[in-house]
Number of protein chains: 4
Amino acid sequence: MHNTTSAPAWKRKIHEIIYEADTPAGKWFDVILLVLIVISLILVMLESIPGLGEKYAIPFITAEWIVTIFFTIEYILRVISINKPTKYIFSFYGIIDFLSTIPLYLTFFFGGFSALLAVRSLRLLRVFRILKVTRYIGEADKLSKAIKSSGPKIAVFLFAVMVVSIIFGTLMYLVEGPEHGFDSIPKSIYWCIVTLTTVGFGDIAPETPLGQFLATLIMIMGYGIIAVPTGIVSAEYAQDLKSKSDNLGSESPNYRHVNTQVCQNCLAKKHQDAAQFCHKCGYPLHD
Amino acid sequence: MHNTTSAPAWKRKIHEIIYEADTPAGKWFDVILLVLIVISLILVMLESIPGLGEKYAIPFITAEWIVTIFFTIEYILRVISINKPTKYIFSFYGIIDFLSTIPLYLTFFFGGFSALLAVRSLRLLRVFRILKVTRYIGEADKLSKAIKSSGPKIAVFLFAVMVVSIIFGTLMYLVEGPEHGFDSIPKSIYWCIVTLTTVGFGDIAPETPLGQFLATLIMIMGYGIIAVPTGIVSAEYAQDLKSKSDNLGSESPNYRHVNTQVCQNCLAKKHQDAAQFCHKCGYPLHD
Amino acid sequence: MHNTTSAPAWKRKIHEIIYEADTPAGKWFDVILLVLIVISLILVMLESIPGLGEKYAIPFITAEWIVTIFFTIEYILRVISINKPTKYIFSFYGIIDFLSTIPLYLTFFFGGFSALLAVRSLRLLRVFRILKVTRYIGEADKLSKAIKSSGPKIAVFLFAVMVVSIIFGTLMYLVEGPEHGFDSIPKSIYWCIVTLTTVGFGDIAPETPLGQFLATLIMIMGYGIIAVPTGIVSAEYAQDLKSKSDNLGSESPNYRHVNTQVCQNCLAKKHQDAAQFCHKCGYPLHD
Amino acid sequence: MHNTTSAPAWKRKIHEIIYEADTPAGKWFDVILLVLIVISLILVMLESIPGLGEKYAIPFITAEWIVTIFFTIEYILRVISINKPTKYIFSFYGIIDFLSTIPLYLTFFFGGFSALLAVRSLRLLRVFRILKVTRYIGEADKLSKAIKSSGPKIAVFLFAVMVVSIIFGTLMYLVEGPEHGFDSIPKSIYWCIVTLTTVGFGDIAPETPLGQFLATLIMIMGYGIIAVPTGIVSAEYAQDLKSKSDNLGSESPNYRHVNTQVCQNCLAKKHQDAAQFCHKCGYPLHD
């Protein structure tokens with residue numbers, strides 16, 4: 001059984017280049033992919049600038065096609081180089097890869113004006129592709145752990161923010177009313193959050209003395225409330241930093257999974273450096 | 001005496017369902033109540049959107065009546081299921097329950113245009129009902145304790161903010177004057193708090209060079225001042241976290257009152273898990 | 001010498017009432033004074049509201065005269081009840097007391113339109129009078145000490161803010177120019193501080209793509225910079241809190257000067273509770 | 001070899017005055033230079049105020065010439081007083097010194113209207129000159145170290161901010177569209193950063209209910225995110241403060257390089273107080 005599941009050499013090679021980053025070819029592939037993602041992002045942005053999209057239609061469409069064809073090849077290689085393609089196709093990144101490649105083909109075959117507009121909206125998903133980059137940045141993990149550990153407190157805090165917004169939003173609606181821009185309770189709540197978070201667009205602003213007094217209360221509340229999440233994260237992080245400095249002698253847990261080995265069979269990650277077989281399905285790993 | 005005060009079985013059952021949450025029926029009741037409160041809140045909000053209230057008058061009024069009737073039944077059950085109804089009726093939540101139920105009946109019997117408008121304002125109080133939810137979230141307690149412990153420092157800080165606002169508000173009124181939107185000293189103080197809290201609506205903005213220079217001072221001050229409450233809460237919370245980690249062996253004090261037992265006689269809460277009688281009035285508790 | 005300097009009984013009595021707060025009469029005096037200051041502040045504010053000042057001219061002027069006469073009597077009593085009046089007259093509060101009392105007399109005797117306007121500006125100083133209140137709040141001391149101890153770091157930080165503002169202010173002036181509201185370099189610097197402190201009035205906003213890109217840089221910088229003073233104050237405060245909890249057994253230094261004894265001869269404060277003579281001039285103190 | 005490289009006395013004297021600050025003459029030189037830089041900065045600012053530049057053309061041009069001539073002399077002295085002038089000329093401050101001196105000469109010799117405007121833009125670089133001041137403020141070093149030590153975490157955080165901005169910026173562009181001011185994706189991203197950093201100019205503001213709901217999400221996210229860098233800097237700083245207080249007995253590392261000795265040969269700095277020869281090139285130092 002073990003012998004048959006082992007894929008042919010070319011498949012293994014492609015898998016190593018596309019899914020992993022511990023060979024020169026794998027690293028180059030990732031860099032090229034990253035550059036192309038950034039270019040395609042910039043293309044989408046530039047195309048959206050009024051006048052620019054129409055003026056440089058030919059270069060835009062050409063660049064778009066080059067990027068799309070590269071993404072298509074990449075997608076196909078990803079599918080054929082693993083043993084269980086469906087595992088990739090229906091994974092989070094599999095779906096994003098598909099959705100960020102397909103729009104141009106759709107416009108080409110079923111094109112037309114209204115379809116084109118819909119496609120532009122699908123292009124947005126290509127933005128998510130850049131999120132993959134975070135896979136290669138180990139530090140992000142640390143940060144997200146700090147946020148997660150103080151998650152429940154932040155949730156309670158957000159709940160408090162919501163309650164305050166609903167109460168004061170309704171109050172402001174009653175006090176200021178539609179004639180001063182507070183058209184409805186939802187809009188008043190929107191204004192209340194804008195104020196509580198100290199953003200303060202000023203598209204809506206209280207005009208009656210009572211409304212301005214209430215706004216003052218909301219702002220000072222927001223001013224005080226902003227201290228809470230900051231204090232929490234700060235304290236949690238300090239605690240984390242302290243416990244780390246207390247265990248300086250022991251092995252640091254943050255550098256355990258620096259290799260980018262990915263099982264060719266089940267896409268499992270985080271293999272130990274000396275691992276020879278996948279810790280999930282027992283399939284052999286290749287350095 | 002003890003035998004006679006013990007309520008009949010049906011009354012005990014209702015009390016358990018409505019006031020407590022440690023039986024399946026009690027939990028279901030709370031969930032349904034919460035859903036209804038949220039629905040009624042959304043109804044009030046949607047009705048306030050211009051055009052929507054008039055367009056869907058029939059569904060709105062129907063939904064409103066369903067919610068109100070449920071609230072009415074709940075209110076009556078709450079009153080009859082405890083031994084001393086007045087204790088509930090004049091409690092904080094008793095009054096809120098009453099005020100969030102009565103408006104529709106008032107409109108129905110004494111209706112008319114002006115009354116309807118007044119009723120809409122009373123409906124706001126239904127918003128407070130959702131505050132009950134906090135009763136079931138234990139974490140909020142921790143947070144509010146952290147805020148309370150640094151209360152006096154925050155009070156002094158708020159006093160400082162007020163003094164700065166009054167002084168700079170008056171200064172800005174004298175410098176900018178009514179011709180640049182600083183109509184009166186109270187309005188100038190409002191502007192000053194808007195600026196000091198870094199909200200910055202921009203509905204009023206200094207236009208003279210001197211006014212802009214003063215505004216700059218206020219902003220940098222606000223920038224520096226924002227550090228104070230954050231620092232305080234952060235330090236207090238870190239202290240709290242540290243003292244907790246020092247006492248890891250001992251029993252955590254935050255999970256003492258996880259049961260939702262409520263005395264049927266005097267509505268006292270926070271009974272110990274093994275308690276058989278109310279610690280306030282000696283009335284027997286039922287699991 | 002010692003016998004002759006001791007003031008007559010009535011003078012001592014007045015001194016005790018006006019300058020100190022450890023007798024019932026002294027406390028009442030302070031409360032009444034505080035109420036009058038607040039009332040006079042509210043009067044100044046209300047008078048500034050357009051329309052209100054003219055409409056209720058008689059009650060305003062009456063209330064103003066009552067407050068002014070009380071302040072006058074208080075000022076005279078303060079002067080005559082101490083041995084060296086000049087010490088009081090030329091002290092910070094002495095000057096403020098004088099300036100917050102004199103305006104109405106000036107208007108009365110040398111009145112007229114332009115003088116009246118100037119007087120309104122002098123009235124502002126009455127606002128400072130409320131600052132006296134801080135004398136009686138011990139907590140403020142703690143806070144101001146925390147700010148002071150991290151003073152030099154905050155100064156460096158403010159210097160950095162200034163340098164960033166000047167550089168980016170000049171850049172924005174060159175990029176956006178007078179046609180988009182960036183009239184001059186000082187105004188651009190004002191805008192830059194408005195942005196860096198995350199206030200964001202929106203009275204001036206970049207309109208060119210390059211200007212908006214620079215604004216983005218400034219904002220993210222401000223976002224990062226806001227962390228610095230907060231972190232500093234937070235850490236300093238935590239340090240303070242820790243060292244205090246380490247010395248729990250020893251006498252707390254924050255409650256040493258709770259008495260309000262003031263030397264009748266030289267106005268020296270902070271006498272020990274058991275002190276019988278002024279620690280500065282040796283003049284006898286009276287409980 | 002050693003004897004010949006030692007510069008003549010007058011050259012050594014000038015070097016000491018201009019490059020160092022440990023002689024009275026050297027200190028005076030620095031103070032005068034600082035004052036002149038500030039004056040020239042104020043001149044540039046005042047000239048930019050509409051109307052002022054034309055009205056006081058003569059005093060402005062005179063002051064400008066005085067400052068420029070002083071800067072020219074200083075530049076020449078700097079060049080001739082060191083052994084390897086090219087080392088200074090192509091250093092960072094050498095280039096800034098040159099660029100902040102040359103504009104007026106260019107206008108004078110090749111003047112004209114369009115050239116004048118270009119020169120005004122070059123003048124901006126004179127602003128950077130004031131950055132030199134930071135050399136003399138030791139505290140800044142401490143602060144920048146604290147920021148640097150938490151650099152990688154802040155970088156990850158900024159990357160997260162960028163990803164959020166791109167995703168929500170694109171979403172807002174699709175939801176709100178050009179008809180509500182969200183003209184293009186770059187402009188939407190600009191708006192998103194304005195909102196996320198809680199600046200909130202209000203030059204662009206969502207107008208559709210869905211757009212306002214998304215804006216609410218962005219703001220609450222920004223509100224939570226602001227906690228991260230603050231928490232990090234705060235914790236790092238607290239750690240630093242703690243380790244410092246743990247080593248109170250040992251020599252403080254922050255006061256090592258208080259002397260301003262600069263090697264006349266290679267411009268190397270940070271010599272030990274007792275050093276007699278440059279630690280980089282072996283050239284003799286003069287006290």
# chains A, B, ... in the order shown; residues from 1 in each chain; ligands from 1
call {"tool": "residues_around", "arguments": {"residues": "region 177-182 of chain C", "least_positions_apart": "5", "cutoff": "9 Å", "atoms": "only C-alpha atoms", "output": "list in words"}}
result
Met172, Lys187, Ser188, Trp191, Asp203, Ile204, Ala205, Pro206, Glu207 and Thr208 of chain C; Pro50 of chain D
call {"tool": "residues_around", "arguments": {"residues": "Asn265 (chain B)", "least_positions_apart": "2", "cutoff": "8 Å", "atoms": "only C-alpha atoms", "output": "number ranges by chain"}}
result
B: 82-84, 263, 267, 281, 283
call {"tool": "closest_residue", "arguments": {"among": "B:Ile73, B:Met219, B:Leu43, B:Val164", "to": "Ile193 (chain C)", "atoms": "only C-alpha atoms"}}
result
B:Met219
call {"tool": "atom_distance", "arguments": {"atom1": "CA of Ile69 (chain B)", "atom2": "CA of Ser48 (chain B)"}}
result
21.6 Å
call {"tool": "interface_residues", "arguments": {"of": "chain B", "to": "chain C", "cutoff": "9 Å", "atoms": "only C-alpha atoms", "output": "PyMOL selection string"}}
result
chain B and resi 152-153+156-157+160+163+166-167+170-171+173-174+178+183-187+194-206+209+212-213+215-216+219-220+222-236+238-239
call {"tool": "atom_distance", "arguments": {"atom1": "CA of Leu36 (chain D)", "atom2": "CA of Ile102 (chain D)"}}
result
16.0 Å
call {"tool": "atom_distance", "arguments": {"atom1": "CA of Thr68 (chain A)", "atom2": "CA of Ser91 (chain A)"}}
result
20.4 Å
